[in-house]
There are 2 protein chains.
Amino acid sequence: MVHSDVLDRAFAALADPTRRAVLETLGRQGSATVSELTEPFEISITAMKKHLAVLEEAELITTEKVGRSRHCRLGTDRLDDAMAWISFYQRLWERRLDGLDAYFTLRKGQQES
Amino acid sequence: MVHSDVLDRAFAALADPTRRAVLETLGRQGSATVSELTEPFEISITAMKKHLAVLEEAELITTEKVGRSRHCRLGTDRLDDAMAWISFYQRLWERRLDGLDAYFTLRKGQQES
């Protein structure tokens, strides 16, 4: 299992609507500059840079200086780690629901008979 | 789309190893008392109660007083909301990867010919 620090940082980074919107944009476009990412929001470039630093620290994005602008892209490994935990958890949960469903079907059958 | 406060709280609640472990236990067992949940950790009942309050506030669990103990269960709706966002984001991401894969396959083909 992934070291929990990695998941702590990934989920904490996801706990903000601006940061989630940035990931959605990068998911759609593949790459964007800091200015392009800031444009749709009513926040300063400085505020956006702080959000990007949190995402970069969580390794959910990578950034690269190209000429005078900084280009952002989605990271891959950490995202996979977070997804792996979520999928694992989701499977546990679905198995519980299947169990409950079977239980209620059984109960219903018993009440009807 | 779900109101972002809901996702903020859900992801923030997931950003802690103890809270994730609690969800895993509830996913496996379905229900557990506060004492049962505290047992595997080197933390006090008070510290666990704080974690459970965060999970309950995020609506990831529900708790119910039964006699002298409090029983915890997984919540459903909020979990589904968080999963919906993640799945949406994962699809965006996979589509990007498919696009990149197609691009590199194309490039490789061009280089080989």
# chains A, B, ... in the order shown; residues from 1 in each chain; ligands from 1
>>> closest_atom_pairs(of="chain A", to="chain B", cutoff="8 Å", atoms="only C-alpha atoms", output="CSV")
residue,atom,partner,partner_atom,distance
A:Ser4,CA,B:Pro17,CA,6.0
A:Leu7,CA,B:Ala15,CA,6.7
A:Asp8,CA,B:Ala15,CA,4.2
A:Arg9,CA,B:Ala15,CA,6.7
A:Ala10,CA,B:Ala15,CA,7.4
A:Phe11,CA,B:Ala15,CA,4.8
A:Ala12,CA,B:Ala15,CA,5.2
A:Leu14,CA,B:Phe11,CA,6.1
A:Ala15,CA,B:Asp8,CA,4.2
A:Asp16,CA,B:Asp8,CA,5.5
A:Pro17,CA,B:Ser4,CA,6.1
A:Leu23,CA,B:Tyr89,CA,8.0
A:Glu24,CA,B:Tyr89,CA,6.4
A:Gly27,CA,B:Trp93,CA,5.2
A:Arg28,CA,B:Leu92,CA,6.3
A:Gly30,CA,B:Arg96,CA,6.8
A:Tyr89,CA,B:Glu24,CA,6.4
A:Leu92,CA,B:Gly27,CA,5.4
A:Trp93,CA,B:Gly27,CA,5.2
A:Arg96,CA,B:Gly27,CA,6.5
>>> residues_around(residues="His71 of chain A", least_positions_apart="4", cutoff="6 Å", atoms="only C-alpha atoms", output="VMD selection string")
chain A and resid 32 to 33 63 to 64
>>> write_last_selection(atoms="C-alpha atoms", output="PDB file, in the first residue's frame")
ATOM      1  CA  ALA A  32      -1.865  25.310 -19.522  1.00  0.00           C
ATOM      2  CA  THR A  33       0.126  28.335 -18.366  1.00  0.00           C
ATOM      3  CA  THR A  63       5.253  22.556 -13.751  1.00  0.00           C
ATOM      4  CA  GLU A  64       7.986  23.609 -16.161  1.00  0.00           C
TER       5      GLU A  64
END
>>> atom_distance(atom1="atom CA of Ala53 of chain B", atom2="atom CA of Leu37 of chain B")
13.3 Å
>>> residues_around(residues="Ile45 of chain A", least_positions_apart="4", cutoff="12 Å", atoms="only C-alpha atoms", output="mmCIF file with N, CA, C and O atoms, in the first residue's frame")
data_model
loop_
_atom_site.group_PDB
_atom_site.id
_atom_site.type_symbol
_atom_site.label_atom_id
_atom_site.label_comp_id
_atom_site.auth_asym_id
_atom_site.auth_seq_id
_atom_site.Cartn_x
_atom_site.Cartn_y
_atom_site.Cartn_z
ATOM 1 N N THR A 33 -0.769 27.425 -19.099
ATOM 2 C CA THR A 33 0.126 28.335 -18.366
ATOM 3 C C THR A 33 -0.583 28.807 -17.102
ATOM 4 O O THR A 33 -1.803 28.684 -16.984
ATOM 5 N N VAL A 34 0.188 29.394 -16.185
ATOM 6 C CA VAL A 34 -0.385 29.914 -14.943
ATOM 7 C C VAL A 34 -1.441 30.991 -15.265
ATOM 8 O O VAL A 34 -2.528 30.995 -14.676
ATOM 9 N N SER A 35 -1.155 31.856 -16.223
ATOM 10 C CA SER A 35 -2.113 32.915 -16.596
ATOM 11 C C SER A 35 -3.407 32.304 -17.136
ATOM 12 O O SER A 35 -4.505 32.733 -16.762
ATOM 13 N N GLU A 36 -3.291 31.315 -18.001
ATOM 14 C CA GLU A 36 -4.494 30.674 -18.560
ATOM 15 C C GLU A 36 -5.336 30.033 -17.457
ATOM 16 O O GLU A 36 -6.562 30.086 -17.491
ATOM 17 N N LEU A 37 -4.651 29.437 -16.477
ATOM 18 C CA LEU A 37 -5.382 28.774 -15.391
ATOM 19 C C LEU A 37 -6.060 29.793 -14.484
ATOM 20 O O LEU A 37 -7.120 29.533 -13.921
ATOM 21 N N THR A 38 -5.427 30.974 -14.331
ATOM 22 C CA THR A 38 -5.966 32.001 -13.423
ATOM 23 C C THR A 38 -7.204 32.678 -14.014
ATOM 24 O O THR A 38 -8.136 33.018 -13.289
ATOM 25 N N GLU A 39 -7.192 32.874 -15.332
ATOM 26 C CA GLU A 39 -8.215 33.659 -16.033
ATOM 27 C C GLU A 39 -9.669 33.407 -15.617
ATOM 28 O O GLU A 39 -10.391 34.361 -15.319
ATOM 29 N N PRO A 40 -10.137 32.141 -15.560
ATOM 30 C CA PRO A 40 -11.564 31.938 -15.239
ATOM 31 C C PRO A 40 -11.949 32.278 -13.797
ATOM 32 O O PRO A 40 -13.129 32.308 -13.468
ATOM 33 N N PHE A 41 -10.966 32.535 -12.924
ATOM 34 C CA PHE A 41 -11.266 32.756 -11.510
ATOM 35 C C PHE A 41 -11.081 34.215 -11.121
ATOM 36 O O PHE A 41 -10.272 34.913 -11.722
ATOM 37 N N LYS A 49 -0.890 30.813 -7.813
ATOM 38 C CA LYS A 49 0.428 30.168 -7.639
ATOM 39 C C LYS A 49 0.478 29.355 -6.350
ATOM 40 O O LYS A 49 1.099 28.295 -6.301
ATOM 41 N N LYS A 50 -0.204 29.854 -5.302
ATOM 42 C CA LYS A 50 -0.249 29.110 -4.034
ATOM 43 C C LYS A 50 -1.007 27.787 -4.232
ATOM 44 O O LYS A 50 -0.576 26.738 -3.748
ATOM 45 N N HIS A 51 -2.141 27.847 -4.945
ATOM 46 C CA HIS A 51 -2.903 26.618 -5.223
ATOM 47 C C HIS A 51 -2.050 25.636 -6.032
ATOM 48 O O HIS A 51 -2.055 24.433 -5.767
ATOM 49 N N LEU A 52 -1.333 26.170 -7.029
ATOM 50 C CA LEU A 52 -0.510 25.295 -7.880
ATOM 51 C C LEU A 52 0.625 24.666 -7.074
ATOM 52 O O LEU A 52 0.987 23.508 -7.306
ATOM 53 N N ARG A 70 5.219 29.682 -17.137
ATOM 54 C CA ARG A 70 5.316 28.375 -16.504
ATOM 55 C C ARG A 70 4.153 27.506 -16.979
ATOM 56 O O ARG A 70 2.994 27.900 -16.889
#
>>> decode(residues="segment 59-74 of chain B", atoms="N, CA and C atoms", output="PDB file, in the first residue's frame")
ATOM      1  N   GLU B  59     -20.362  13.760   6.318  1.00  0.00           N
ATOM      2  CA  GLU B  59     -21.426  12.801   5.985  1.00  0.00           C
ATOM      3  C   GLU B  59     -20.878  11.522   5.348  1.00  0.00           C
ATOM      4  N   LEU B  60     -19.641  11.183   5.684  1.00  0.00           N
ATOM      5  CA  LEU B  60     -19.070   9.918   5.199  1.00  0.00           C
ATOM      6  C   LEU B  60     -19.460   8.763   6.118  1.00  0.00           C
ATOM      7  N   ILE B  61     -19.834   9.092   7.357  1.00  0.00           N
ATOM      8  CA  ILE B  61     -20.360   8.072   8.273  1.00  0.00           C
ATOM      9  C   ILE B  61     -21.609   8.623   8.968  1.00  0.00           C
ATOM     10  N   THR B  62     -22.391   7.709   9.533  1.00  0.00           N
ATOM     11  CA  THR B  62     -23.483   8.119  10.422  1.00  0.00           C
ATOM     12  C   THR B  62     -23.212   7.429  11.758  1.00  0.00           C
ATOM     13  N   THR B  63     -23.645   8.059  12.838  1.00  0.00           N
ATOM     14  CA  THR B  63     -23.467   7.419  14.147  1.00  0.00           C
ATOM     15  C   THR B  63     -24.810   7.391  14.867  1.00  0.00           C
ATOM     16  N   GLU B  64     -24.979   6.402  15.706  1.00  0.00           N
ATOM     17  CA  GLU B  64     -26.255   6.228  16.422  1.00  0.00           C
ATOM     18  C   GLU B  64     -25.956   5.709  17.825  1.00  0.00           C
ATOM     19  N   LYS B  65     -26.583   6.324  18.794  1.00  0.00           N
ATOM     20  CA  LYS B  65     -26.425   5.897  20.187  1.00  0.00           C
ATOM     21  C   LYS B  65     -27.297   4.665  20.410  1.00  0.00           C
ATOM     22  N   VAL B  66     -26.668   3.545  20.800  1.00  0.00           N
ATOM     23  CA  VAL B  66     -27.425   2.326  21.096  1.00  0.00           C
ATOM     24  C   VAL B  66     -27.056   1.926  22.516  1.00  0.00           C
ATOM     25  N   GLY B  67     -27.974   2.114  23.451  1.00  0.00           N
ATOM     26  CA  GLY B  67     -27.684   1.853  24.864  1.00  0.00           C
ATOM     27  C   GLY B  67     -26.570   2.776  25.326  1.00  0.00           C
ATOM     28  N   ARG B  68     -25.471   2.195  25.824  1.00  0.00           N
ATOM     29  CA  ARG B  68     -24.383   3.033  26.337  1.00  0.00           C
ATOM     30  C   ARG B  68     -23.266   3.240  25.320  1.00  0.00           C
ATOM     31  N   SER B  69     -23.397   2.632  24.138  1.00  0.00           N
ATOM     32  CA  SER B  69     -22.325   2.824  23.146  1.00  0.00           C
ATOM     33  C   SER B  69     -22.842   3.465  21.860  1.00  0.00           C
ATOM     34  N   ARG B  70     -21.920   4.052  21.120  1.00  0.00           N
ATOM     35  CA  ARG B  70     -22.283   4.717  19.871  1.00  0.00           C
ATOM     36  C   ARG B  70     -21.815   3.856  18.705  1.00  0.00           C
ATOM     37  N   HIS B  71     -22.755   3.518  17.819  1.00  0.00           N
ATOM     38  CA  HIS B  71     -22.435   2.670  16.666  1.00  0.00           C
ATOM     39  C   HIS B  71     -22.226   3.522  15.414  1.00  0.00           C
ATOM     40  N   CYS B  72     -21.162   3.219  14.685  1.00  0.00           N
ATOM     41  CA  CYS B  72     -20.834   3.968  13.465  1.00  0.00           C
ATOM     42  C   CYS B  72     -21.060   3.092  12.242  1.00  0.00           C
ATOM     43  N   ARG B  73     -21.540   3.721  11.192  1.00  0.00           N
ATOM     44  CA  ARG B  73     -21.742   3.051   9.902  1.00  0.00           C
ATOM     45  C   ARG B  73     -21.258   3.976   8.793  1.00  0.00           C
ATOM     46  N   LEU B  74     -20.983   3.408   7.620  1.00  0.00           N
ATOM     47  CA  LEU B  74     -20.636   4.241   6.474  1.00  0.00           C
ATOM     48  C   LEU B  74     -21.843   5.031   6.015  1.00  0.00           C
TER      49      LEU B  74
END
